[in-house]
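For reference, query.cif is printed below; it contains mmCIF, C-alpha atoms.
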```
data_model
#
loop_
_atom_site.label_atom_id
_atom_site.label_comp_id
_atom_site.auth_asym_id
_atom_site.auth_seq_id
_atom_site.Cartn_x
_atom_site.Cartn_y
_atom_site.Cartn_z
CA MET A 217 -7.79 20.05 4.15
CA ARG A 218 -9.59 16.72 3.78
CA VAL A 219 -12.77 16.72 1.65
CA ASP A 220 -15.26 13.93 2.38
CA PHE A 221 -16.62 11.91 -0.54
CA THR A 222 -20.35 12.06 0.23
CA ARG A 223 -23.31 9.91 -0.78
CA LYS A 224 -24.53 12.63 -3.13
CA MET A 225 -21.12 12.65 -4.83
CA LYS A 226 -21.47 8.91 -5.45
CA GLU A 227 -24.39 9.68 -7.76
CA GLU A 228 -22.79 12.56 -9.63
CA TYR A 229 -18.99 12.22 -9.59
CA THR A 230 -16.46 10.44 -11.78
CA ILE A 231 -13.79 8.72 -9.68
CA ILE A 232 -10.41 8.86 -11.45
CA ALA A 233 -8.02 5.94 -10.86
CA PRO A 234 -4.45 5.48 -12.13
CA ASP A 235 -3.75 2.67 -14.58
CA ILE A 236 -1.92 0.43 -12.09
CA PHE A 237 -2.48 -3.06 -13.55
CA PRO A 238 -3.58 -2.50 -17.17
CA THR A 239 -5.44 -5.81 -17.73
CA HIS A 240 -7.01 -5.90 -14.28
CA MET A 241 -8.13 -2.26 -14.14
CA GLU A 242 -10.71 -2.70 -16.89
CA LEU A 243 -12.33 -5.40 -14.77
CA PHE A 244 -12.09 -3.33 -11.60
CA GLU A 245 -13.92 -0.49 -13.36
CA ALA A 246 -16.83 -2.85 -14.02
CA ALA A 247 -16.79 -4.09 -10.43
CA PHE A 248 -17.01 -0.56 -9.01
CA LYS A 249 -19.77 0.43 -11.46
CA LEU A 250 -21.78 -2.58 -10.34
CA TYR A 251 -21.99 -0.95 -6.90
CA GLY A 252 -22.79 2.53 -8.17
CA TYR A 253 -19.30 4.07 -8.37
CA ASN A 254 -18.32 5.58 -11.72
CA VAL A 255 -14.62 4.67 -11.60
CA VAL A 256 -12.52 5.41 -14.68
CA ALA A 257 -8.91 4.21 -14.97
CA VAL A 258 -7.01 6.78 -17.05
CA HIS A 259 -4.38 5.63 -19.54
CA TYR A 260 -2.44 8.85 -20.19
CA ASP A 261 1.24 8.31 -20.86
CA GLY A 262 4.35 10.10 -22.03
CA LYS A 263 6.38 13.08 -20.90
CA LYS A 264 3.31 15.24 -20.26
CA VAL A 265 2.21 12.92 -17.43
CA ILE A 266 5.66 12.70 -15.83
CA ASP A 267 6.08 16.48 -16.08
CA THR A 268 2.71 16.99 -14.37
CA GLY A 269 3.75 14.66 -11.56
CA LEU A 270 7.10 16.44 -11.14
CA LYS A 271 5.46 19.87 -11.22
CA TYR A 272 3.01 19.26 -8.39
CA LEU A 273 4.77 16.59 -6.30
CA HIS A 274 8.07 16.70 -4.44
CA ASN A 275 10.97 15.84 -6.79
CA ASP A 276 12.34 13.30 -4.29
CA VAL A 277 9.14 11.28 -4.13
CA CYS A 278 9.32 7.75 -5.50
CA TYR A 279 8.90 7.25 -9.23
CA PRO A 280 5.66 5.16 -8.97
CA ALA A 281 4.07 8.17 -7.23
CA ILE A 282 5.19 10.55 -9.97
CA CYS A 283 3.67 8.21 -12.59
CA SER A 284 0.41 7.12 -10.96
CA LEU A 285 -0.43 10.42 -9.26
CA GLY A 286 0.77 12.26 -12.35
CA GLN A 287 -1.88 10.44 -14.41
CA GLN A 288 -4.62 11.59 -12.04
CA LEU A 289 -3.42 15.16 -11.82
CA TYR A 290 -3.05 15.34 -15.60
CA ALA A 291 -6.61 14.04 -15.96
CA LEU A 292 -7.87 16.99 -13.90
CA SER A 293 -5.78 19.57 -15.76
CA CYS A 294 -6.10 18.44 -19.40
CA GLY A 295 -9.80 19.24 -19.80
CA ASP A 296 -11.11 15.69 -20.19
CA PHE A 297 -12.78 15.75 -16.76
CA ASP A 298 -14.68 18.41 -14.80
CA PRO A 299 -12.68 18.90 -11.57
CA LYS A 300 -15.89 20.07 -9.85
CA LYS A 301 -17.46 16.67 -10.53
CA SER A 302 -14.41 14.47 -10.05
CA ALA A 303 -12.78 12.55 -7.21
CA LEU A 304 -9.48 10.69 -7.08
CA ILE A 305 -8.96 7.18 -5.73
CA MET A 306 -5.74 5.62 -4.50
CA PHE A 307 -5.06 2.00 -3.54
CA GLN A 308 -2.71 1.65 -0.55
CA THR A 309 -1.03 -1.24 1.22
CA GLY A 310 -1.00 0.57 4.54
CA GLY A 311 2.49 -0.78 5.35
CA GLY A 312 5.95 0.74 5.46
CA CYS A 313 5.86 1.73 1.80
CA ARG A 314 5.83 5.41 0.82
CA ALA A 315 2.53 4.63 -0.91
CA SER A 316 0.91 5.04 2.51
CA ASN A 317 1.64 8.77 2.10
CA TYR A 318 0.27 9.12 -1.44
CA ILE A 319 -3.06 10.44 -0.16
CA MET A 320 -1.41 13.39 1.58
CA LEU A 321 0.77 14.00 -1.47
CA LEU A 322 -2.31 14.14 -3.67
CA ARG A 323 -4.05 16.62 -1.37
CA LYS A 324 -0.98 18.82 -1.24
CA ALA A 325 -0.73 18.73 -5.04
CA LEU A 326 -4.43 19.56 -5.40
CA LYS A 327 -3.96 22.57 -3.13
CA ASN A 328 -1.05 23.74 -5.28
CA MET A 329 -3.31 23.40 -8.33
CA GLY A 330 -6.12 25.36 -6.68
CA MET A 331 -8.29 22.22 -6.65
CA GLU A 332 -8.34 21.38 -2.94
CA TYR A 333 -12.10 20.82 -3.26
CA VAL A 334 -11.48 17.51 -5.13
CA PRO A 335 -12.11 14.53 -2.78
CA VAL A 336 -9.43 11.84 -2.47
CA ILE A 337 -10.57 8.31 -1.59
CA SER A 338 -8.26 5.82 0.09
CA VAL A 339 -8.71 2.08 -0.41
CA SER A 340 -6.47 0.00 1.85
CA PHE A 341 -6.30 -3.12 4.00
CA GLY A 342 -5.87 -0.98 7.09
CA GLN A 343 -8.78 1.39 6.33
CA LEU A 344 -6.47 4.38 6.64
CA GLU A 345 -9.41 6.70 6.03
CA LYS A 346 -13.20 6.53 5.74
CA ASN A 347 -15.64 8.44 3.52
CA SER A 348 -19.37 8.71 4.15
CA GLY A 349 -20.17 8.00 0.48
CA PHE A 350 -17.68 5.21 -0.18
CA LYS A 351 -17.81 1.83 1.51
CA ILE A 352 -16.32 -1.54 0.60
CA THR A 353 -19.05 -4.10 1.16
CA ALA A 354 -18.54 -7.87 1.36
CA GLY A 355 -20.07 -8.30 -2.11
CA MET A 356 -17.87 -5.57 -3.55
CA ALA A 357 -14.74 -7.15 -2.02
CA LEU A 358 -15.68 -10.55 -3.46
CA THR A 359 -16.18 -9.07 -6.94
CA ALA A 360 -12.82 -7.27 -6.71
CA LEU A 361 -11.10 -10.51 -5.73
CA ARG A 362 -12.68 -12.29 -8.69
CA CYS A 363 -11.31 -9.50 -10.91
CA LEU A 364 -7.90 -10.22 -9.43
CA ILE A 365 -8.08 -13.91 -10.39
CA TYR A 366 -9.55 -13.26 -13.85
CA GLY A 367 -6.96 -10.54 -14.53
CA ASP A 368 -4.11 -12.82 -13.50
CA MET A 369 -5.41 -15.58 -15.78
CA LEU A 370 -5.68 -13.22 -18.75
CA LEU A 371 -2.18 -11.88 -18.03
CA LEU A 372 -0.72 -15.40 -17.82
CA LEU A 373 -2.36 -16.62 -21.03
CA LYS A 374 -1.76 -13.41 -23.01
CA ASN A 375 1.96 -13.37 -22.23
CA GLN A 376 2.40 -16.99 -23.32
CA THR A 377 0.35 -16.62 -26.51
CA LEU A 378 1.16 -13.17 -27.93
CA PRO A 379 4.78 -13.91 -29.03
CA TYR A 380 3.66 -17.01 -30.93
CA GLU A 381 0.38 -15.94 -32.59
CA ILE A 382 0.27 -16.55 -36.34
CA ASN A 383 -2.51 -14.05 -37.04
CA LYS A 384 -1.54 -10.70 -35.57
CA GLY A 385 -4.20 -9.39 -33.19
CA ASP A 386 -5.75 -12.77 -32.25
CA THR A 387 -4.48 -12.59 -28.67
CA ARG A 388 -5.73 -9.05 -28.13
CA ARG A 389 -9.13 -9.97 -29.54
CA VAL A 390 -9.49 -12.85 -27.07
CA VAL A 391 -8.44 -10.59 -24.17
CA ASP A 392 -11.01 -7.98 -25.24
CA LYS A 393 -13.66 -10.68 -25.66
CA TRP A 394 -13.16 -11.85 -22.09
CA ILE A 395 -13.09 -8.37 -20.58
CA LYS A 396 -16.45 -7.70 -22.26
CA GLU A 397 -17.81 -11.12 -21.29
CA LEU A 398 -16.84 -10.70 -17.65
CA THR A 399 -18.10 -7.12 -17.37
CA ASP A 400 -21.42 -8.28 -18.87
CA GLN A 401 -21.58 -11.12 -16.37
CA PHE A 402 -20.90 -8.75 -13.47
CA ALA A 403 -23.63 -6.39 -14.71
CA HIS A 404 -26.10 -9.28 -14.50
CA GLY A 405 -24.91 -10.50 -11.11
CA LYS A 406 -22.98 -13.45 -12.55
CA GLY A 407 -19.37 -14.60 -12.68
CA ARG A 408 -18.63 -14.16 -8.98
CA GLY A 409 -19.50 -17.55 -7.52
CA GLY A 410 -16.88 -20.25 -7.15
CA ARG A 411 -18.50 -22.56 -9.70
CA SER A 412 -18.93 -19.84 -12.33
CA MET A 413 -15.36 -18.66 -11.74
CA LYS A 414 -14.02 -22.15 -12.47
CA LYS A 415 -16.19 -22.35 -15.59
CA ASN A 416 -14.91 -18.98 -16.83
CA LEU A 417 -11.27 -19.86 -16.16
CA ALA A 418 -11.61 -23.14 -18.06
CA ALA A 419 -13.25 -21.34 -21.01
CA MET A 420 -10.49 -18.72 -21.06
CA ALA A 421 -7.78 -21.39 -21.21
CA LYS A 422 -9.63 -23.12 -24.07
CA ASP A 423 -9.93 -19.88 -26.06
CA PHE A 424 -6.22 -19.08 -25.79
CA HIS A 425 -5.32 -22.69 -26.55
CA GLU A 426 -7.27 -22.48 -29.81
CA ILE A 427 -5.40 -19.40 -31.07
CA PRO A 428 -3.16 -20.57 -33.98
CA LYS A 429 0.47 -20.41 -32.84
CA GLU A 430 3.86 -20.80 -34.46
CA LYS A 431 6.51 -22.93 -32.76
CA LYS A 432 9.49 -20.67 -32.08
CA ASP A 433 12.53 -20.95 -29.86
CA LEU A 434 12.45 -17.59 -28.08
CA ILE A 435 14.50 -16.13 -25.25
CA LYS A 436 12.41 -16.38 -22.06
CA VAL A 437 12.50 -13.36 -19.77
CA GLY A 438 11.01 -12.96 -16.30
CA ILE A 439 10.02 -9.58 -14.85
CA VAL A 440 10.08 -8.84 -11.11
CA GLY A 441 10.40 -5.67 -9.07
CA GLU A 442 8.29 -2.99 -7.44
CA ILE A 443 4.59 -3.75 -7.90
CA TYR A 444 3.71 -0.69 -10.00
CA VAL A 445 6.77 -0.53 -12.25
CA LYS A 446 6.75 -4.24 -13.11
CA TYR A 447 3.17 -4.07 -14.46
CA ALA A 448 2.50 -0.52 -15.69
CA ALA A 449 3.85 0.45 -19.12
CA LEU A 450 4.08 4.10 -18.05
CA GLY A 451 6.37 3.12 -15.19
CA ASN A 452 8.62 0.74 -17.14
CA ASN A 453 8.78 2.64 -20.46
CA GLY A 454 6.83 0.00 -22.38
CA LEU A 455 9.03 -2.89 -21.24
CA GLU A 456 6.68 -5.63 -22.46
CA GLU A 457 6.37 -4.12 -25.93
CA PHE A 458 10.15 -3.74 -26.15
CA LEU A 459 10.79 -7.37 -25.14
CA LEU A 460 8.26 -8.49 -27.74
CA SER A 461 10.10 -6.48 -30.40
CA GLN A 462 13.33 -8.25 -29.39
CA GLY A 463 11.88 -11.71 -29.99
CA CYS A 464 11.26 -12.65 -26.36
CA GLU A 465 8.55 -14.41 -24.40
CA TYR A 466 8.13 -12.73 -21.01
CA MET A 467 6.53 -13.85 -17.76
CA ILE A 468 5.28 -11.56 -14.98
CA PRO A 469 4.04 -13.20 -11.75
CA GLY A 470 0.35 -12.57 -11.06
CA THR A 471 -0.96 -9.96 -8.64
CA LEU A 472 -2.47 -12.66 -6.41
CA GLY A 473 1.07 -13.41 -5.19
CA PHE A 474 1.40 -9.90 -3.74
CA PHE A 475 -1.81 -10.33 -1.74
CA GLN A 476 -0.68 -13.75 -0.54
CA TYR A 477 2.57 -12.10 0.49
CA CYS A 478 0.59 -9.59 2.57
CA PHE A 479 -1.42 -12.41 4.17
CA ALA A 480 1.76 -14.36 4.98
CA ASN A 481 3.33 -11.28 6.54
CA MET A 482 0.62 -11.22 9.22
CA GLU A 483 2.18 -14.36 10.66
CA LYS A 484 5.64 -12.80 10.77
CA ASP A 485 4.14 -9.64 12.29
CA HIS A 486 2.85 -11.79 15.14
CA GLU A 487 6.09 -13.78 15.50
CA TYR A 488 8.59 -10.91 15.22
CA TYR A 489 6.85 -7.59 15.77
CA GLY A 490 4.05 -8.11 18.32
CA GLY A 491 1.15 -8.36 15.88
CA GLY A 492 -2.25 -9.34 17.30
CA LEU A 493 -3.91 -12.76 17.19
CA ALA A 494 -6.85 -11.47 15.13
CA ALA A 495 -4.51 -10.41 12.31
CA LEU A 496 -2.59 -13.67 12.60
CA TRP A 497 -5.70 -15.81 12.14
CA GLY A 498 -7.10 -13.45 9.53
CA GLY A 499 -3.93 -13.89 7.49
CA ARG A 500 -4.03 -17.66 7.84
CA ILE A 501 -7.68 -17.87 6.77
CA ALA A 502 -7.10 -15.54 3.81
CA GLY A 503 -4.08 -17.62 2.85
CA LYS A 504 -6.14 -20.82 2.84
CA ILE A 505 -8.85 -19.21 0.72
CA SER A 506 -6.25 -17.97 -1.77
CA GLU A 507 -4.96 -21.55 -2.09
CA SER A 508 -8.37 -22.53 -3.50
CA TRP A 509 -8.02 -19.78 -6.13
CA GLU A 510 -4.59 -21.13 -7.07
CA LYS A 511 -6.13 -24.56 -7.45
CA ALA A 512 -8.88 -23.21 -9.72
CA ILE A 513 -6.28 -21.69 -12.08
CA ASP A 514 -4.23 -24.89 -11.97
CA GLU A 515 -7.25 -27.06 -12.86
CA ALA A 516 -8.26 -24.77 -15.73
CA LEU A 517 -4.77 -25.06 -17.26
CA GLU A 518 -4.42 -28.81 -16.68
CA PRO A 519 -5.74 -29.86 -20.14
CA TYR A 520 -3.29 -27.52 -21.90
CA PRO A 521 0.31 -28.47 -21.08
CA GLU A 522 1.71 -25.85 -23.46
CA PHE A 523 0.97 -23.21 -20.81
CA VAL A 524 3.39 -22.82 -17.90
CA LYS A 525 1.34 -22.80 -14.70
CA PRO A 526 2.00 -20.68 -11.60
CA VAL A 527 3.51 -22.61 -8.70
CA GLY A 528 1.73 -22.68 -5.34
CA PHE A 529 2.58 -19.79 -3.05
CA ASP A 530 3.95 -22.17 -0.43
CA ARG A 531 6.69 -22.97 -2.94
CA VAL A 532 7.45 -19.25 -3.39
CA LYS A 533 7.88 -19.00 0.39
CA GLU A 534 10.24 -21.98 0.39
CA LEU A 535 12.33 -20.41 -2.36
CA ALA A 536 12.45 -17.06 -0.56
CA ASP A 537 13.59 -18.76 2.66
CA LYS A 538 16.74 -19.95 0.86
CA VAL A 539 17.66 -16.34 0.11
CA ILE A 540 16.44 -14.03 2.90
CA ASP A 541 14.48 -14.07 6.16
CA ARG A 542 10.74 -13.43 5.80
CA GLY A 543 10.93 -10.76 8.43
CA VAL A 544 12.21 -8.52 5.60
CA LYS A 545 8.79 -7.35 4.43
CA MET A 546 8.97 -3.66 3.55
CA GLY A 547 7.91 -3.01 -0.04
CA GLU A 548 8.11 -6.28 -1.96
CA GLY A 549 10.59 -7.63 0.62
CA TRP A 550 11.16 -11.39 0.51
CA LEU A 551 8.57 -11.77 -2.27
CA LEU A 552 11.04 -10.30 -4.76
CA PRO A 553 13.74 -13.02 -4.46
CA GLY A 554 11.00 -15.65 -4.07
CA GLU A 555 9.42 -14.68 -7.40
CA THR A 556 12.85 -14.41 -9.05
CA ALA A 557 13.69 -17.97 -8.00
CA GLU A 558 10.23 -19.16 -9.11
CA LEU A 559 10.74 -17.68 -12.59
CA ILE A 560 14.22 -19.19 -12.93
CA GLU A 561 12.94 -22.65 -11.96
CA LYS A 562 10.14 -22.35 -14.55
CA GLY A 563 12.67 -21.68 -17.31
CA TYR A 564 12.63 -17.86 -17.33
CA SER A 565 16.26 -17.65 -16.27
CA ASN A 566 16.80 -14.16 -17.73
CA VAL A 567 15.25 -11.91 -15.10
CA ILE A 568 14.77 -8.15 -15.21
CA CYS A 569 14.41 -6.59 -11.76
CA ALA A 570 12.59 -3.28 -12.30
CA GLN A 571 13.88 -0.80 -9.71
CA PRO A 572 12.13 2.59 -9.45
CA PHE A 573 13.79 5.69 -8.05
CA GLY A 574 12.96 6.30 -4.41
CA CYS A 575 11.85 2.76 -3.55
CA LEU A 576 14.52 1.96 -0.96
CA PRO A 577 13.27 -1.53 0.02
CA ASN A 578 13.13 -2.57 -3.62
CA HIS A 579 16.70 -1.45 -4.30
CA ILE A 580 18.08 -2.97 -1.10
CA VAL A 581 16.33 -6.34 -1.37
CA GLY A 582 16.44 -6.51 -5.17
CA LYS A 583 20.12 -5.76 -5.66
CA GLY A 584 21.09 -7.16 -2.28
CA THR A 585 19.80 -10.67 -2.99
CA ILE A 586 21.20 -11.07 -6.52
CA HIS A 587 24.52 -12.47 -5.27
CA ARG A 588 22.77 -15.17 -3.24
CA LEU A 589 20.41 -15.97 -6.13
CA ARG A 590 23.38 -16.40 -8.47
CA GLU A 591 24.95 -18.79 -5.96
CA LEU A 592 21.76 -20.87 -6.01
CA TYR A 593 21.29 -20.56 -9.79
CA PRO A 594 24.75 -20.14 -11.41
CA LYS A 595 23.32 -19.96 -14.93
CA ALA A 596 20.76 -17.28 -14.06
CA ASN A 597 21.03 -13.99 -15.93
CA ILE A 598 19.64 -11.38 -13.48
CA PHE A 599 19.75 -7.69 -14.45
CA PRO A 600 18.45 -4.81 -12.28
CA VAL A 601 17.14 -1.91 -14.40
CA ASP A 602 16.54 1.52 -12.83
CA TYR A 603 13.47 3.56 -13.75
CA ASP A 604 13.04 7.22 -12.86
CA SER A 605 11.96 10.49 -14.42
CA GLY A 606 15.51 11.39 -15.46
CA ALA A 607 16.53 7.96 -16.78
CA SER A 608 17.17 7.52 -20.49
CA LYS A 609 14.92 5.00 -22.21
CA VAL A 610 17.76 4.29 -24.65
CA ASN A 611 20.11 3.41 -21.78
CA GLN A 612 17.49 1.14 -20.24
CA GLU A 613 16.90 -0.66 -23.53
CA ASN A 614 20.63 -0.98 -24.20
CA ARG A 615 21.08 -2.59 -20.79
CA ILE A 616 18.29 -5.06 -21.59
CA LYS A 617 19.87 -5.74 -25.01
CA LEU A 618 23.10 -6.61 -23.20
CA MET A 619 21.19 -9.07 -21.02
CA LEU A 620 19.62 -10.64 -24.10
CA ALA A 621 22.99 -10.85 -25.88
CA ILE A 622 24.40 -12.77 -22.90
CA ALA A 623 21.31 -15.00 -22.92
CA ARG A 624 21.68 -15.79 -26.64
CA GLU A 625 25.35 -16.58 -26.17
CA GLN A 626 24.61 -18.90 -23.23
CA GLU A 627 21.86 -20.66 -25.13
CA GLY A 628 23.80 -20.87 -28.40
CA LYS A 629 21.39 -18.54 -30.25
CA ALA A 630 23.86 -15.76 -31.01
#
```

Turn the structure described in the file into structure tokens.
Amino acid sequence: MRVDFTRKMKEEYTIIAPDIFPTHMELFEAAFKLYGYNVVAVHYDGKKVIDTGLKYLHNDVCYPAICSLGQQLYALSCGDFDPKKSALIMFQTGGGCRASNYIMLLRKALKNMGMEYVPVISVSFGQLEKNSGFKITAGMALTALRCLIYGDMLLLLKNQTLPYEINKGDTRRVVDKWIKELTDQFAHGKGRGGRSMKKNLAAMAKDFHEIPKEKKDLIKVGIVGEIYVKYAALGNNGLEEFLLSQGCEYMIPGTLGFFQYCFANMEKDHEYYGGGLAALWGGRIAGKISESWEKAIDEALEPYPEFVKPVGFDRVKELADKVIDRGVKMGEGWLLPGETAELIEKGYSNVICAQPFGCLPNHIVGKGTIHRLRELYPKANIFPVDYDSGASKVNQENRIKLMLAIAREQEGKA
């Protein structure tokens, strides 16, 4: 049974979202609230969340579903939220990924919990569903896209500052400062124009540049993989924190790249699979607009050469073309080897490929392209790491320690 999210619910309900991209979600909350939606990203973690996901979802469903949906279902069952005044929201790509079925999984789980009255909202490119009380307006979409850029910038700067900070906590304080600053700007109708975005990005770079840092020769690690598991600590068992404890600097490509990947795929849809002209031109226009966002980040970082800048997405496409055809676009598809090659060329030659249980495209493309990537980059140290509800965290960390031991030996740091 599908329950409509009505206009009256918009005024009274809390909309519970999973913690997909930790840095970005705090900004997305502010963007939704600006348009009258009380969205709360929940940060529950640990065995209780996984067990909730396993209890109410099919055991063979992909691990990102068990984690992200498990957070929402736990939120309804733990007493922190009133189920009678709550809705759930899920972000979907609308493609061949199993995530396109998450909405039905949630409704089935809610029925099993005796909570089938809880509305489930779908947000997707393809508008898989519509709700009378929830609409994405042009202004709302623009604000969300600005959150994407700001979140990527904070992620980029945080990851290159945190391992080197002299005064513990400085990096986190600057991140928190900017989340508050940006949410305040949104509340007053600011921070969304192109000029103000460039001003904010430049100020962010300056703030992180001014954090006192210690010069250290650390092992550099890149993280690629399925979009949820490579960002969310719940999905990757606190991978970033573990790498930090092992004396590493880590780099995770920004979320903008995934959207650019989706835009680029519209061209291949037209060329290979009979996609329409409207989608083709829509993808091209969106791709051109995203290039201007890349340029804004690049210009903000220009005065500070200590920060490694993202490469243009056209370069990622070129790198992917050396490995696999861009018609391979299920899940992360050709983006995965493209980002791996990008990280290696930027000096992050030790790459962890996070592979969640049940994500067939990620396993096939991730593991399937490693041989070709090693041919192109003989010194690259690429390790796939599996994540699922039955995997041992100790085994995962031992595998990563092996990768780091090889890296230290190669770099003469053993």

Please enumerate the residues selected by the PyMOL selection byres ((chain A and resi 527) around 10) when evaluated against the supplied file, formatted as an MDAnalysis selection string. chainID A and resid 469 510:511 514 524:526 528:532 555 558:559 561:562

Residue nearest Lys429 in chain A - candidates A:Tyr603, A:Tyr380, A:Tyr318, A:Tyr290, atoms counted: all atoms listed in the file: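 Of all the options, A:Tyr380 lies closest to Lys429 in chain A.
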
d(CA of Glu465 in chain A, CA of Leu378 in chain A) in Å: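 Interatomic distance here is 8.3 Å.
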
Applying the PyMOL selection byres ((chain A and resi 485) around 12) to the file I just gave you, which residues come out? Please list them as a PDB file with C-alpha atoms, in the coordinates of the input.
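Generated output (out_4.pdb):
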```
ATOM      1  CA  GLY A 311       2.490  -0.780   5.350  1.00  0.00           C
ATOM      2  CA  CYS A 478       0.590  -9.590   2.570  1.00  0.00           C
ATOM      3  CA  PHE A 479      -1.420 -12.410   4.170  1.00  0.00           C
ATOM      4  CA  ALA A 480       1.760 -14.360   4.980  1.00  0.00           C
ATOM      5  CA  ASN A 481       3.330 -11.280   6.540  1.00  0.00           C
ATOM      6  CA  MET A 482       0.620 -11.220   9.220  1.00  0.00           C
ATOM      7  CA  GLU A 483       2.180 -14.360  10.660  1.00  0.00           C
ATOM      8  CA  LYS A 484       5.640 -12.800  10.770  1.00  0.00           C
ATOM      9  CA  HIS A 486       2.850 -11.790  15.140  1.00  0.00           C
ATOM     10  CA  GLU A 487       6.090 -13.780  15.500  1.00  0.00           C
ATOM     11  CA  TYR A 488       8.590 -10.910  15.220  1.00  0.00           C
ATOM     12  CA  TYR A 489       6.850  -7.590  15.770  1.00  0.00           C
ATOM     13  CA  GLY A 490       4.050  -8.110  18.320  1.00  0.00           C
ATOM     14  CA  GLY A 491       1.150  -8.360  15.880  1.00  0.00           C
ATOM     15  CA  GLY A 492      -2.250  -9.340  17.300  1.00  0.00           C
ATOM     16  CA  LEU A 493      -3.910 -12.760  17.190  1.00  0.00           C
ATOM     17  CA  ALA A 494      -6.850 -11.470  15.130  1.00  0.00           C
ATOM     18  CA  ALA A 495      -4.510 -10.410  12.310  1.00  0.00           C
ATOM     19  CA  LEU A 496      -2.590 -13.670  12.600  1.00  0.00           C
ATOM     20  CA  TRP A 497      -5.700 -15.810  12.140  1.00  0.00           C
ATOM     21  CA  GLY A 499      -3.930 -13.890   7.490  1.00  0.00           C
ATOM     22  CA  ARG A 542      10.740 -13.430   5.800  1.00  0.00           C
ATOM     23  CA  GLY A 543      10.930 -10.760   8.430  1.00  0.00           C
ATOM     24  CA  VAL A 544      12.210  -8.520   5.600  1.00  0.00           C
ATOM     25  CA  LYS A 545       8.790  -7.350   4.430  1.00  0.00           C
ATOM     26  CA  MET A 546       8.970  -3.660   3.550  1.00  0.00           C
TER      27      MET A 546
END
```

Tell me which protein, DNA and RNA residues are within 12 Å of Ala607 in chain A, counting only C-alpha atoms, leaving out same-chain ones fewer than 3 positions away, and put them as a count of residues only. 16

Which residues of range 328-425 of chain A have any atom within 9 Å of an atom in range 292-304 of chain A when counting all atoms listed in the file, and what is the closest pair of atoms for each, with the distance in Å to one decimal? Order the rows by chain and rising number and write it as JSON lines.
```
{"residue": "A:Met329", "atom": "CA", "partner": "A:Ser293", "partner_atom": "CA", "distance": 8.7}
{"residue": "A:Met331", "atom": "CA", "partner": "A:Pro299", "partner_atom": "CA", "distance": 7.4}
{"residue": "A:Tyr333", "atom": "CA", "partner": "A:Lys300", "partner_atom": "CA", "distance": 7.6}
{"residue": "A:Val334", "atom": "CA", "partner": "A:Ala303", "partner_atom": "CA", "distance": 5.5}
{"residue": "A:Pro335", "atom": "CA", "partner": "A:Ala303", "partner_atom": "CA", "distance": 4.9}
{"residue": "A:Val336", "atom": "CA", "partner": "A:Leu304", "partner_atom": "CA", "distance": 4.8}
{"residue": "A:Ile337", "atom": "CA", "partner": "A:Leu304", "partner_atom": "CA", "distance": 6.1}
{"residue": "A:Ser338", "atom": "CA", "partner": "A:Leu304", "partner_atom": "CA", "distance": 8.8}
```

Store the residues picked out above, limited to C-alpha atoms, as a compact mmCIF listing (two decimals), in the coordinates of the input.
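Listing of out.txt after writing:
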```
# COMPACT_ATOMS: atom_id res chain seq x y z
CA MET A 329 -3.31 23.40 -8.33
CA MET A 331 -8.29 22.22 -6.65
CA TYR A 333 -12.10 20.82 -3.26
CA VAL A 334 -11.48 17.51 -5.13
CA PRO A 335 -12.11 14.53 -2.78
CA VAL A 336 -9.43 11.84 -2.47
CA ILE A 337 -10.57 8.31 -1.59
CA SER A 338 -8.26 5.82 0.09
```

From (-6.7, 9.8, -12.3), in the file's coordinates, out to 10 Å: which residues are reached, counting only C-alpha atoms? Answer as a compact mmCIF listing (two decimals) with C-alpha atoms, in the coordinates of the input.
```txt
# COMPACT_ATOMS: atom_id res chain seq x y z
CA THR A 230 -16.46 10.44 -11.78
CA ILE A 231 -13.79 8.72 -9.68
CA ILE A 232 -10.41 8.86 -11.45
CA ALA A 233 -8.02 5.94 -10.86
CA PRO A 234 -4.45 5.48 -12.13
CA ASP A 235 -3.75 2.67 -14.58
CA VAL A 255 -14.62 4.67 -11.60
CA VAL A 256 -12.52 5.41 -14.68
CA ALA A 257 -8.91 4.21 -14.97
CA VAL A 258 -7.01 6.78 -17.05
CA HIS A 259 -4.38 5.63 -19.54
CA TYR A 260 -2.44 8.85 -20.19
CA SER A 284 0.41 7.12 -10.96
CA LEU A 285 -0.43 10.42 -9.26
CA GLY A 286 0.77 12.26 -12.35
CA GLN A 287 -1.88 10.44 -14.41
CA GLN A 288 -4.62 11.59 -12.04
CA LEU A 289 -3.42 15.16 -11.82
CA TYR A 290 -3.05 15.34 -15.60
CA ALA A 291 -6.61 14.04 -15.96
CA LEU A 292 -7.87 16.99 -13.90
CA PHE A 297 -12.78 15.75 -16.76
CA SER A 302 -14.41 14.47 -10.05
CA ALA A 303 -12.78 12.55 -7.21
CA LEU A 304 -9.48 10.69 -7.08
CA ILE A 305 -8.96 7.18 -5.73
CA MET A 306 -5.74 5.62 -4.50
```

Hey, what comes out of the PyMOL selection byres ((chain A and resi 395-400) around 9) on this file? Could you write it as JSON, numbers by chain? {"A": [239, 242, 243, 245, 246, 247, 363, 366, 367, 390, 391, 392, 393, 394, 401, 402, 403, 404, 405, 406, 407, 416]}

Best match for closeness to Leu459 in chain A among A:Asn597, A:Asn614, A:Asn578, A:Ser412, counting all atoms listed in the file: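 Checking each candidate against Leu459 in chain A, we get A:Asn614 as the closest.
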
For Gln626 in chain A, work out the shell of residues within 12 Å, counting all atoms listed in the file and skipping chain neighbours fewer than 6 positions away, then give it as JSON, numbers by chain. {"A": [435, 565, 566, 594, 595, 596, 597, 619, 620]}
